[in-house]
Amino acid sequence: SLCQAIPGLSQDQLGHIYSLFDKYVGAGLEWIRKEGTEYLSSVDNNLTTSLMMLVQSLMHPSRGFKATDLQGDAFHTTMGRLFGFAFVWAIGGNLAPTCRDAFDEFARSHLQDVLNFPGGGQVYDYQLYFKAGMPEFKQWAETVPTFAYNKAVPYFQMLVPTVDTVRFSYLLEACLDVQRSVLFTGVTGVGKSVISTAALDALAAAPSPADQADQGNHRIAGRLIPYTVVFSAQTSSFDTQMLIESKLDKKRKTRYGAPVNKKVVFFVDDINMPAREQYGAQPAIELLRQFQDFRGFYDRKKLFWKDIEDTVLCAACAPPGGGRQEVTSRLLRHFTMLAIPPPSDTATKTILSSILNGFLAEFAADVRAMAGALVNASIEAYNRISEELLPTPDKSHYTFNLRDLSKQFQGMLMVSPSTCSDKEALARLWMHEACRVFADRLVCTEDREYFQQMLVELSSKHSLSTMSYSDAFDRRHITWGGFLRPGLDRTERRYEEVTDGAKLLKLLEDYLDEYNMNNTATMNLVFFQHAIDHVCRLSRVLRQPRGNAMLVGVGGSGKQSLTRFASYISGFKTFQIELSRGYGVAEFREDLKKLYRTAGVDGEPIVFLFSDTQIVQECFLEDINNMLNSGEVPGLFATEEKDRIVIDIREWMEKTGGNPTKDGCYSAFINRVRDNLHIVLTMSPVGDAFRARCRQFPSLINCCTIDWFSNWPAEALLSVSQTFLANTDLGSRAVRDAVAQMCVHIHRSVEDMSVRFYLELRRRYYTTPKSYLDLINLYLQLLQEKRQELRQARDRLLDGLRKLNETNVLVTSMKADLARLQPELEAKAAATADLLVKVAADQQEAEKVKAVVAAEEKEVKAMQVQTQGIADEAKADLAEALPALQAAIDSLKALNKNDIVEIKSFPKPPLLVQMTMEAVCILKQEKPDWETAKRVLSDTTFMKSLEEFDKDNIPDIVIKKLKKYIDDPQYQPDVVAKQSRAAMSLCMWTRAMDVYHRQASSQWLLACSSSSPC
């Protein structure tokens, strides 16, 4: 492979190269295994392969190596230097910083036969470059470019070149030139992600190969398309595969890859974060291993193999531990592993000084002179808090890194010369920003006071200010904000210091009134000092580009209310998901799509408020973790949705002069989302969930400014109770103040007892600000209820007294009327006595009548029983008659005109037909002969007259005439049917009329018999 990669090598030259490997690699591997310490364990095959690939990259003609021009000792010297440089980084590049001095001694001694490293420093401090066809060494520091501060560049895009950024970018490019994957490791905060992404972006922005005719297509610069993938504990192999495939071009059904003459590099951040599944595997890691082994994946649905070409993986991770897993060597063997050491204080000072000096260039001279002291004090404060405030189970988020120090300076860069015009203001700004980044995440008063005391001490030590602790933190609250000038556009507001606490309180109250007028869901906030501080902290985070916050406090601390309020005064909308039955991943991602379109397509600044009570599934935090880190959620948008987004945002891209290609538009969409979207997470520290989530999802700590909501102090509790009781009449101000103080005493006593409860029984009992508000509201509710009861009792008493007075007046009046009517009453009494005598006589007569009536009643009841039996029989007969009648009517309805013509057509009808027509004539009270019958049949209303026949009023004489026909045994419908079907229906009708008449007559007789005794 070396012969194919490096043209022009002779057999002697190849033999010399192989001899170098045979002579030096074995001893180097042995030293690594016995003396070295690696962040990530490597295997011998991996280190040897890394060495071979790095040598191959360095020997390529595009770097200045020309095998045909180097013969004999010149070739040996050249190869010795190339091999030595590659040996240092391939064999010793993965060593922990504590082993580098020892490896430096070993490498100098072990490789002294082939090269002599320059004196001074370590072997890691020298770069290899070609000069007049020969490789030479020079220090990396000599190639570090100068940083030029540009205030138009957002803070998160500023990268100050250092020795580490230069050398690791160089090594990354060298490996990518030969399609070798690279993995950067190192402790949290050393800049693994920053160095990787910056180097990849620089390679992507480099001139294209067409402009580098002398270098051919070997070099990857200008042909690289970088993408970032962020892993967390919940990352699945499915999401990983979908994200990778979505970034590649589909060349054939089974082949994916980069665009023509391009290389795609996927940078996988936190590659060792995915949690192990039931059987100990990490599916996302195994997917990447499959890609590295076989250069492809299986299709998830149809299970056919997909080849991936022109694609390289790069990765970064911290050492295992704290939620990070051991990664299988079967994957790591494909990477050249490079350990990035923590930056020295000198390097950190260089970075921060470059930015701060550039920013303060427009400030007053005395303010500019403070830059060095500010940087030194900040680094010393960071080092001390990192060493002295270590994480514990209750303080698991005490993991400070250089990102926090960077956030402090980001906050300082928000001021302007007009708002920070003197040294004392800059010193207060420095203290304020240090407290916002470091002190706000501390969980107890002791830790915060320790850090504040440290700031005062360092301020005096570095001659920043002469303020004492009392001047800085007791007598005043150092507060800066960007909302102090209402009415200005969000972009015109300045970040300035609050000089009057009373004016700030009035301003916030005005903002609250305005908020309640513009929103249906009003808020009743009490602005005590702690609440004011939290509002200012939140507005500071929202003011920063890509600023996100995590608010930690027990439930009911006011985290969500203050977030909505801070978002409003900052000029942002607030978005929060609404949980419902069946709410899951699909619904959550639909909400995220709406959020992304609002921030990315519409370009509206918006705050995404997300509470831990809304975490229905832990994979929600996986998406949040990706949003915080890279801004992109894997698999969020389908291909059609991405195309729609590209169409919608292309006009904005053209206006801003961006890249209007599909990839350029979508990348701009994600960046615009990150610029306009601010995520505020509200978490509760109760239980193990918060600690576990911080460990599993590193971006919650690394990409958020933490604000810890502590218990309200007594002054805050008293302020709240006084505000809630202000409009309640308690008799006097002294009583109201005493009740307010009692509410504070009750709440604080419960807090103290909770501490004792935990110390004695090891069980937690949490009292929250919500509990305190419930106490006050319950008191006000009970007070109102008891007052209502007293009012009702008073009203009942007054009503009773009034009724008694009215009754006394009425009794007196009635007594007077009684005395006046006494004579009349006596006369009436005598008349009544006479009447009673008469009534007694009448009563005796009535008793006699009663006895007669009782006897008759007994007879009537006996007759009723008899009559009821007859009635039942008649009803039964009638029930039998009605079906026959109905059948006859139905039969008549079935007749048509032809049936009637059939009967009329008989010149001499059959006997039974004639009998039937005579019976019909009798019922219609016509002459019973055939001539009359034909006339009746000729009537057009004949059938209707039969259907509407008055069957209830048939004369008895008609029934008597009909009887001889009814009693004739031949006059039956089935017999008549043999001579005529039409005559059968008429026969049924005549017989039904006879039956109905008899039953109706029985009912009438029954009615007469039942009514005659009465």
# chains A, B, ... in the order shown; residues from 1 in each chain; ligands from 1
>>> residues_around(residues="segment 132-137 of chain A", least_positions_apart="4", cutoff="9 Å", atoms="only C-alpha atoms", output="number ranges by chain")
A: 64-66, 69-70, 74, 77-79, 81-82, 117-118, 126-128
>>> residues_around(residues="segment 908-917 of chain A", least_positions_apart="4", cutoff="6 Å", atoms="only C-alpha atoms", output="ChimeraX atom specification")
/A:933,976,983,987
>>> write_last_selection(atoms="N, CA, C and O atoms", output="tab-separated table (two decimals), in the first residue's frame")
chain	number	residue	atom	x	y	z
A	933	ALA	N	-127.05	-6.94	-7.15
A	933	ALA	CA	-125.62	-7.20	-6.87
A	933	ALA	C	-124.74	-6.63	-7.97
A	933	ALA	O	-123.69	-6.02	-7.71
A	976	VAL	N	-116.08	-21.19	-0.80
A	976	VAL	CA	-116.40	-20.17	-1.81
A	976	VAL	C	-115.20	-19.95	-2.72
A	976	VAL	O	-115.34	-19.70	-3.92
A	983	ALA	N	-114.86	-13.73	-4.71
A	983	ALA	CA	-116.02	-13.94	-3.84
A	983	ALA	C	-115.58	-14.39	-2.47
A	983	ALA	O	-116.24	-14.10	-1.46
A	987	CYS	N	-116.83	-12.99	1.04
A	987	CYS	CA	-117.40	-13.90	2.04
A	987	CYS	C	-116.74	-13.67	3.39
A	987	CYS	O	-117.42	-13.62	4.42
>>> closest_residue(among="A:Lys349, A:Arg403, A:Lys951, A:Lys964", to="Trp989 of chain A", atoms="only C-alpha atoms")
A:Lys951
>>> residues_around(residues="Leu429 of chain A", least_positions_apart="3", cutoff="9 Å", atoms="only C-alpha atoms", output="count of residues only")
14
>>> residues_around(residues="Leu488 of chain A", least_positions_apart="6", cutoff="12 Å", atoms="only C-alpha atoms", output="NGL selection string")
:A and (482 or 494 or 569-571)
>>> residues_around(residues="segment 461-466 of chain A", least_positions_apart="6", cutoff="12 Å", atoms="only C-alpha atoms", output="JSON list (two decimals) with N, CA, C and O atoms, in the first residue's frame")
[["chain", "number", "residue", "atom", "x", "y", "z"],
["A", 366, "ASP", "N", -7.50, 54.03, 31.31],
["A", 366, "ASP", "CA", -7.39, 53.36, 32.60],
["A", 366, "ASP", "C", -8.19, 52.07, 32.64],
["A", 366, "ASP", "O", -7.83, 51.12, 33.34],
["A", 367, "VAL", "N", -9.28, 52.01, 31.85],
["A", 367, "VAL", "CA", -10.07, 50.78, 31.77],
["A", 367, "VAL", "C", -9.31, 49.74, 30.97],
["A", 367, "VAL", "O", -9.25, 48.55, 31.34],
["A", 369, "ALA", "N", -6.20, 49.38, 30.75],
["A", 369, "ALA", "CA", -5.05, 48.90, 31.51],
["A", 369, "ALA", "C", -5.41, 47.79, 32.48],
["A", 369, "ALA", "O", -4.52, 47.09, 32.98],
["A", 370, "MET", "N", -6.67, 47.61, 32.75],
["A", 370, "MET", "CA", -7.10, 46.58, 33.69],
["A", 370, "MET", "C", -7.21, 45.20, 33.06],
["A", 370, "MET", "O", -7.47, 44.21, 33.76],
["A", 371, "ALA", "N", -7.06, 45.06, 31.75],
["A", 371, "ALA", "CA", -7.31, 43.79, 31.07],
["A", 371, "ALA", "C", -6.46, 42.67, 31.64],
["A", 371, "ALA", "O", -6.95, 41.58, 31.96],
["A", 372, "GLY", "N", -5.16, 42.90, 31.79],
["A", 372, "GLY", "CA", -4.30, 41.85, 32.30],
["A", 372, "GLY", "C", -4.67, 41.41, 33.70],
["A", 372, "GLY", "O", -4.69, 40.21, 34.02],
["A", 373, "ALA", "N", -4.95, 42.38, 34.58],
["A", 373, "ALA", "CA", -5.32, 42.05, 35.96],
["A", 373, "ALA", "C", -6.64, 41.28, 36.00],
["A", 373, "ALA", "O", -6.80, 40.35, 36.80],
["A", 374, "LEU", "N", -7.59, 41.66, 35.15],
["A", 374, "LEU", "CA", -8.86, 40.95, 35.11],
["A", 374, "LEU", "C", -8.67, 39.50, 34.68],
["A", 374, "LEU", "O", -9.28, 38.59, 35.26],
["A", 375, "VAL", "N", -7.84, 39.29, 33.68],
["A", 375, "VAL", "CA", -7.59, 37.93, 33.22],
["A", 375, "VAL", "C", -6.92, 37.11, 34.30],
["A", 375, "VAL", "O", -7.31, 35.97, 34.60],
["A", 376, "ASN", "N", -5.90, 37.68, 34.96],
["A", 376, "ASN", "CA", -5.19, 36.95, 36.02],
["A", 376, "ASN", "C", -6.11, 36.62, 37.18],
["A", 376, "ASN", "O", -6.09, 35.49, 37.71],
["A", 377, "ALA", "N", -6.92, 37.58, 37.59],
["A", 377, "ALA", "CA", -7.84, 37.34, 38.70],
["A", 377, "ALA", "C", -8.89, 36.29, 38.32],
["A", 377, "ALA", "O", -9.26, 35.44, 39.15],
["A", 378, "SER", "N", -9.36, 36.33, 37.09],
["A", 378, "SER", "CA", -10.38, 35.36, 36.66],
["A", 378, "SER", "C", -9.81, 33.95, 36.65],
["A", 378, "SER", "O", -10.47, 33.00, 37.11],
["A", 379, "ILE", "N", -8.60, 33.80, 36.13],
["A", 379, "ILE", "CA", -7.99, 32.46, 36.07],
["A", 379, "ILE", "C", -7.71, 31.93, 37.48],
["A", 379, "ILE", "O", -7.95, 30.76, 37.77],
["A", 380, "GLU", "N", -7.26, 32.81, 38.35],
["A", 380, "GLU", "CA", -7.00, 32.36, 39.73],
["A", 380, "GLU", "C", -8.30, 31.97, 40.42],
["A", 380, "GLU", "O", -8.35, 30.96, 41.14],
["A", 381, "ALA", "N", -9.36, 32.75, 40.20],
["A", 381, "ALA", "CA", -10.66, 32.39, 40.79],
["A", 381, "ALA", "C", -11.16, 31.06, 40.25],
["A", 381, "ALA", "O", -11.68, 30.22, 41.00],
["A", 422, "ASP", "N", -15.47, 53.64, 33.88],
["A", 422, "ASP", "CA", -14.36, 53.79, 34.81],
["A", 422, "ASP", "C", -13.94, 52.45, 35.38],
["A", 422, "ASP", "O", -14.59, 51.43, 35.16],
["A", 423, "LYS", "N", -12.86, 52.44, 36.11],
["A", 423, "LYS", "CA", -12.29, 51.20, 36.65],
["A", 423, "LYS", "C", -13.22, 50.54, 37.65],
["A", 423, "LYS", "O", -13.35, 49.31, 37.66],
["A", 424, "GLU", "N", -13.86, 51.34, 38.50],
["A", 424, "GLU", "CA", -14.73, 50.75, 39.52],
["A", 424, "GLU", "C", -15.92, 50.06, 38.86],
["A", 424, "GLU", "O", -16.34, 48.97, 39.31],
["A", 425, "ALA", "N", -16.46, 50.64, 37.81],
["A", 425, "ALA", "CA", -17.58, 50.01, 37.11],
["A", 425, "ALA", "C", -17.14, 48.69, 36.48],
["A", 425, "ALA", "O", -17.86, 47.69, 36.53],
["A", 426, "LEU", "N", -15.93, 48.67, 35.90],
["A", 426, "LEU", "CA", -15.43, 47.44, 35.30],
["A", 426, "LEU", "C", -15.17, 46.38, 36.36],
["A", 426, "LEU", "O", -15.43, 45.18, 36.14],
["A", 427, "ALA", "N", -14.68, 46.80, 37.51],
["A", 427, "ALA", "CA", -14.46, 45.84, 38.60],
["A", 427, "ALA", "C", -15.79, 45.26, 39.09],
["A", 427, "ALA", "O", -15.89, 44.05, 39.36],
["A", 428, "ARG", "N", -16.81, 46.10, 39.20],
["A", 428, "ARG", "CA", -18.14, 45.59, 39.61],
["A", 428, "ARG", "C", -18.71, 44.66, 38.54],
["A", 428, "ARG", "O", -19.35, 43.65, 38.85],
["A", 429, "LEU", "N", -18.49, 45.03, 37.27],
["A", 429, "LEU", "CA", -18.94, 44.16, 36.18],
["A", 429, "LEU", "C", -18.25, 42.79, 36.27],
["A", 429, "LEU", "O", -18.90, 41.75, 36.09],
["A", 430, "TRP", "N", -16.94, 42.80, 36.55],
["A", 430, "TRP", "CA", -16.20, 41.53, 36.67],
["A", 430, "TRP", "C", -16.77, 40.67, 37.80],
["A", 430, "TRP", "O", -16.98, 39.47, 37.64],
["A", 431, "MET", "N", -17.03, 41.28, 38.93],
["A", 431, "MET", "CA", -17.62, 40.53, 40.05],
["A", 431, "MET", "C", -19.00, 40.01, 39.69],
["A", 431, "MET", "O", -19.37, 38.86, 40.00],
["A", 454, "MET", "N", -13.86, 35.33, 48.05],
["A", 454, "MET", "CA", -12.70, 35.12, 47.18],
["A", 454, "MET", "C", -12.59, 36.23, 46.15],
["A", 454, "MET", "O", -11.48, 36.73, 45.87],
["A", 455, "LEU", "N", -13.72, 36.64, 45.57],
["A", 455, "LEU", "CA", -13.68, 37.71, 44.57],
["A", 455, "LEU", "C", -13.17, 39.01, 45.17],
["A", 455, "LEU", "O", -12.36, 39.73, 44.55],
["A", 472, "ALA", "N", -19.37, 45.45, 48.63],
["A", 472, "ALA", "CA", -19.71, 44.77, 47.38],
["A", 472, "ALA", "C", -20.99, 43.96, 47.46],
["A", 472, "ALA", "O", -21.75, 43.89, 46.48]]
>>> select_by_dssp(residues="segment 945-1008 of chain A", states="helix (DSSP H, G or I)", output="PyMOL selection string")
chain A and resi 945-947+951-953+956-966+973-976+981-1008
>>> select_by_dssp(residues="segment 244-472 of chain A", states="strand (DSSP E)", output="number ranges by chain")
A: 249-252, 255-257, 263-269, 296-298, 305-309, 311-317, 335-339
>>> write_last_selection(atoms="N, CA and C atoms", output="mmCIF file, in the first residue's frame")
data_model
loop_
_atom_site.group_PDB
_atom_site.id
_atom_site.type_symbol
_atom_site.label_atom_id
_atom_site.label_comp_id
_atom_site.auth_asym_id
_atom_site.auth_seq_id
_atom_site.Cartn_x
_atom_site.Cartn_y
_atom_site.Cartn_z
ATOM 1 N N ASP A 249 -25.278 11.809 -0.182
ATOM 2 C CA ASP A 249 -25.980 11.733 -1.462
ATOM 3 C C ASP A 249 -26.236 10.270 -1.811
ATOM 4 N N LYS A 250 -27.420 10.003 -2.330
ATOM 5 C CA LYS A 250 -27.741 8.649 -2.770
ATOM 6 C C LYS A 250 -27.313 8.512 -4.228
ATOM 7 N N LYS A 251 -26.233 7.745 -4.432
ATOM 8 C CA LYS A 251 -25.677 7.606 -5.775
ATOM 9 C C LYS A 251 -26.346 6.469 -6.531
ATOM 10 N N ARG A 252 -26.630 5.399 -5.841
ATOM 11 C CA ARG A 252 -27.416 4.297 -6.385
ATOM 12 C C ARG A 252 -28.317 3.789 -5.289
ATOM 13 N N ARG A 255 -25.816 2.538 -2.704
ATOM 14 C CA ARG A 255 -24.549 3.247 -2.530
ATOM 15 C C ARG A 255 -24.832 4.706 -2.145
ATOM 16 N N TYR A 256 -24.211 5.121 -1.055
ATOM 17 C CA TYR A 256 -24.318 6.498 -0.574
ATOM 18 C C TYR A 256 -22.909 7.052 -0.466
ATOM 19 N N GLY A 257 -22.811 8.369 -0.482
ATOM 20 C CA GLY A 257 -21.496 8.960 -0.343
ATOM 21 C C GLY A 257 -21.537 10.468 -0.447
ATOM 22 N N LYS A 263 -15.339 15.055 0.289
ATOM 23 C CA LYS A 263 -15.246 14.089 1.377
ATOM 24 C C LYS A 263 -16.117 14.573 2.528
ATOM 25 N N VAL A 264 -16.946 13.686 3.027
ATOM 26 C CA VAL A 264 -17.788 14.013 4.170
ATOM 27 C C VAL A 264 -17.107 13.510 5.439
ATOM 28 N N VAL A 265 -17.016 14.392 6.428
ATOM 29 C CA VAL A 265 -16.449 14.024 7.726
ATOM 30 C C VAL A 265 -17.509 14.232 8.786
ATOM 31 N N PHE A 266 -17.840 13.155 9.481
ATOM 32 C CA PHE A 266 -18.778 13.237 10.596
ATOM 33 C C PHE A 266 -17.977 13.318 11.892
ATOM 34 N N PHE A 267 -18.158 14.411 12.608
ATOM 35 C CA PHE A 267 -17.509 14.571 13.904
ATOM 36 C C PHE A 267 -18.495 14.145 14.985
ATOM 37 N N VAL A 268 -18.179 13.062 15.679
ATOM 38 C CA VAL A 268 -19.056 12.502 16.715
ATOM 39 C C VAL A 268 -18.545 12.985 18.071
ATOM 40 N N ASP A 269 -19.296 13.878 18.679
ATOM 41 C CA ASP A 269 -18.910 14.424 19.983
ATOM 42 C C ASP A 269 -19.467 13.540 21.098
ATOM 43 N N GLY A 296 -20.222 0.557 5.573
ATOM 44 C CA GLY A 296 -21.625 0.598 5.183
ATOM 45 C C GLY A 296 -22.547 0.177 6.309
ATOM 46 N N PHE A 297 -23.874 0.201 6.000
ATOM 47 C CA PHE A 297 -24.918 -0.199 6.946
ATOM 48 C C PHE A 297 -25.890 -1.118 6.223
ATOM 49 N N TYR A 298 -26.732 -1.771 7.018
ATOM 50 C CA TYR A 298 -27.882 -2.477 6.469
ATOM 51 C C TYR A 298 -29.088 -1.542 6.447
ATOM 52 N N TRP A 305 -27.764 -4.322 1.960
ATOM 53 C CA TRP A 305 -26.547 -3.635 2.373
ATOM 54 C C TRP A 305 -26.388 -2.322 1.612
ATOM 55 N N LYS A 306 -25.993 -1.264 2.340
ATOM 56 C CA LYS A 306 -25.742 0.039 1.742
ATOM 57 C C LYS A 306 -24.259 0.362 1.908
ATOM 58 N N ASP A 307 -23.580 0.567 0.796
ATOM 59 C CA ASP A 307 -22.181 0.950 0.833
ATOM 60 C C ASP A 307 -22.062 2.454 1.035
ATOM 61 N N ILE A 308 -21.107 2.858 1.891
ATOM 62 C CA ILE A 308 -20.845 4.270 2.155
ATOM 63 C C ILE A 308 -19.426 4.567 1.699
ATOM 64 N N GLU A 309 -19.271 5.553 0.847
ATOM 65 C CA GLU A 309 -17.948 5.880 0.326
ATOM 66 C C GLU A 309 -17.648 7.362 0.555
ATOM 67 N N THR A 311 -16.369 8.881 3.017
ATOM 68 C CA THR A 311 -16.868 9.336 4.320
ATOM 69 C C THR A 311 -15.900 8.892 5.407
ATOM 70 N N VAL A 312 -15.568 9.815 6.313
ATOM 71 C CA VAL A 312 -14.622 9.547 7.391
ATOM 72 C C VAL A 312 -15.256 9.984 8.704
ATOM 73 N N LEU A 313 -14.942 9.245 9.758
ATOM 74 C CA LEU A 313 -15.418 9.599 11.094
ATOM 75 C C LEU A 313 -14.296 10.254 11.882
ATOM 76 N N CYS A 314 -14.656 11.294 12.627
ATOM 77 C CA CYS A 314 -13.798 11.850 13.664
ATOM 78 C C CYS A 314 -14.618 11.877 14.939
ATOM 79 N N ALA A 315 -13.954 11.887 16.073
ATOM 80 C CA ALA A 315 -14.706 11.802 17.323
ATOM 81 C C ALA A 315 -13.944 12.513 18.425
ATOM 82 N N ALA A 316 -14.655 12.730 19.528
ATOM 83 C CA ALA A 316 -14.061 13.312 20.731
ATOM 84 C C ALA A 316 -14.801 12.768 21.932
ATOM 85 N N CYS A 317 -14.069 12.585 23.008
ATOM 86 C CA CYS A 317 -14.716 12.121 24.237
ATOM 87 C C CYS A 317 -13.791 12.375 25.407
ATOM 88 N N PHE A 335 -9.174 4.337 15.002
ATOM 89 C CA PHE A 335 -8.901 5.759 15.191
ATOM 90 C C PHE A 335 -7.441 5.978 15.576
ATOM 91 N N THR A 336 -6.933 7.080 15.112
ATOM 92 C CA THR A 336 -5.693 7.615 15.673
ATOM 93 C C THR A 336 -6.099 8.466 16.869
ATOM 94 N N MET A 337 -5.706 8.014 18.055
ATOM 95 C CA MET A 337 -6.170 8.670 19.278
ATOM 96 C C MET A 337 -5.142 9.687 19.752
ATOM 97 N N LEU A 338 -5.610 10.911 19.986
ATOM 98 C CA LEU A 338 -4.749 12.010 20.416
ATOM 99 C C LEU A 338 -5.344 12.626 21.672
ATOM 100 N N ALA A 339 -4.521 12.692 22.719
ATOM 101 C CA ALA A 339 -4.968 13.258 23.985
ATOM 102 C C ALA A 339 -4.611 14.738 24.033
#
>>> residues_around(residues="Arg368 of chain A", least_positions_apart="6", cutoff="7 Å", atoms="only C-alpha atoms", output="JSON, numbers by chain")
{"A": [357, 360, 361]}
>>> write_last_selection(atoms="N, CA, C and O atoms", output="PDB file, in the first residue's frame")
ATOM      1  N   ASN A 357      -8.461  42.394  25.429  1.00  0.00           N
ATOM      2  CA  ASN A 357      -7.725  43.573  24.933  1.00  0.00           C
ATOM      3  C   ASN A 357      -8.353  44.111  23.655  1.00  0.00           C
ATOM      4  O   ASN A 357      -8.464  45.322  23.467  1.00  0.00           O
ATOM      5  N   LEU A 360     -11.603  45.925  24.707  1.00  0.00           N
ATOM      6  CA  LEU A 360     -11.442  47.174  25.453  1.00  0.00           C
ATOM      7  C   LEU A 360     -10.688  48.240  24.681  1.00  0.00           C
ATOM      8  O   LEU A 360     -10.387  49.305  25.225  1.00  0.00           O
ATOM      9  N   ALA A 361     -10.407  47.984  23.427  1.00  0.00           N
ATOM     10  CA  ALA A 361      -9.625  48.946  22.641  1.00  0.00           C
ATOM     11  C   ALA A 361     -10.315  50.298  22.547  1.00  0.00           C
ATOM     12  O   ALA A 361      -9.641  51.340  22.456  1.00  0.00           O
TER      13      ALA A 361
END
>>> residues_around(residues="segment 541-543 of chain A", least_positions_apart="4", cutoff="9 Å", atoms="only C-alpha atoms", output="list in words")
Gly411, Met414, Gly482, Arg490, Tyr495, Cys536, Arg537, Gly547, Asn548, Ala549, Ala566, Ser567, Ser570, Phe572, Val607, His678, Ile679 and Thr705 of chain A
>>> closest_residue(among="A:Gly553, A:Gly93, A:Gly72, A:Pro823", to="Pro769 of chain A", atoms="only C-alpha atoms")
A:Gly553
>>> atom_distance(atom1="atom CA of Asn524 of chain A", atom2="atom CA of Val554 of chain A")
19.5 Å
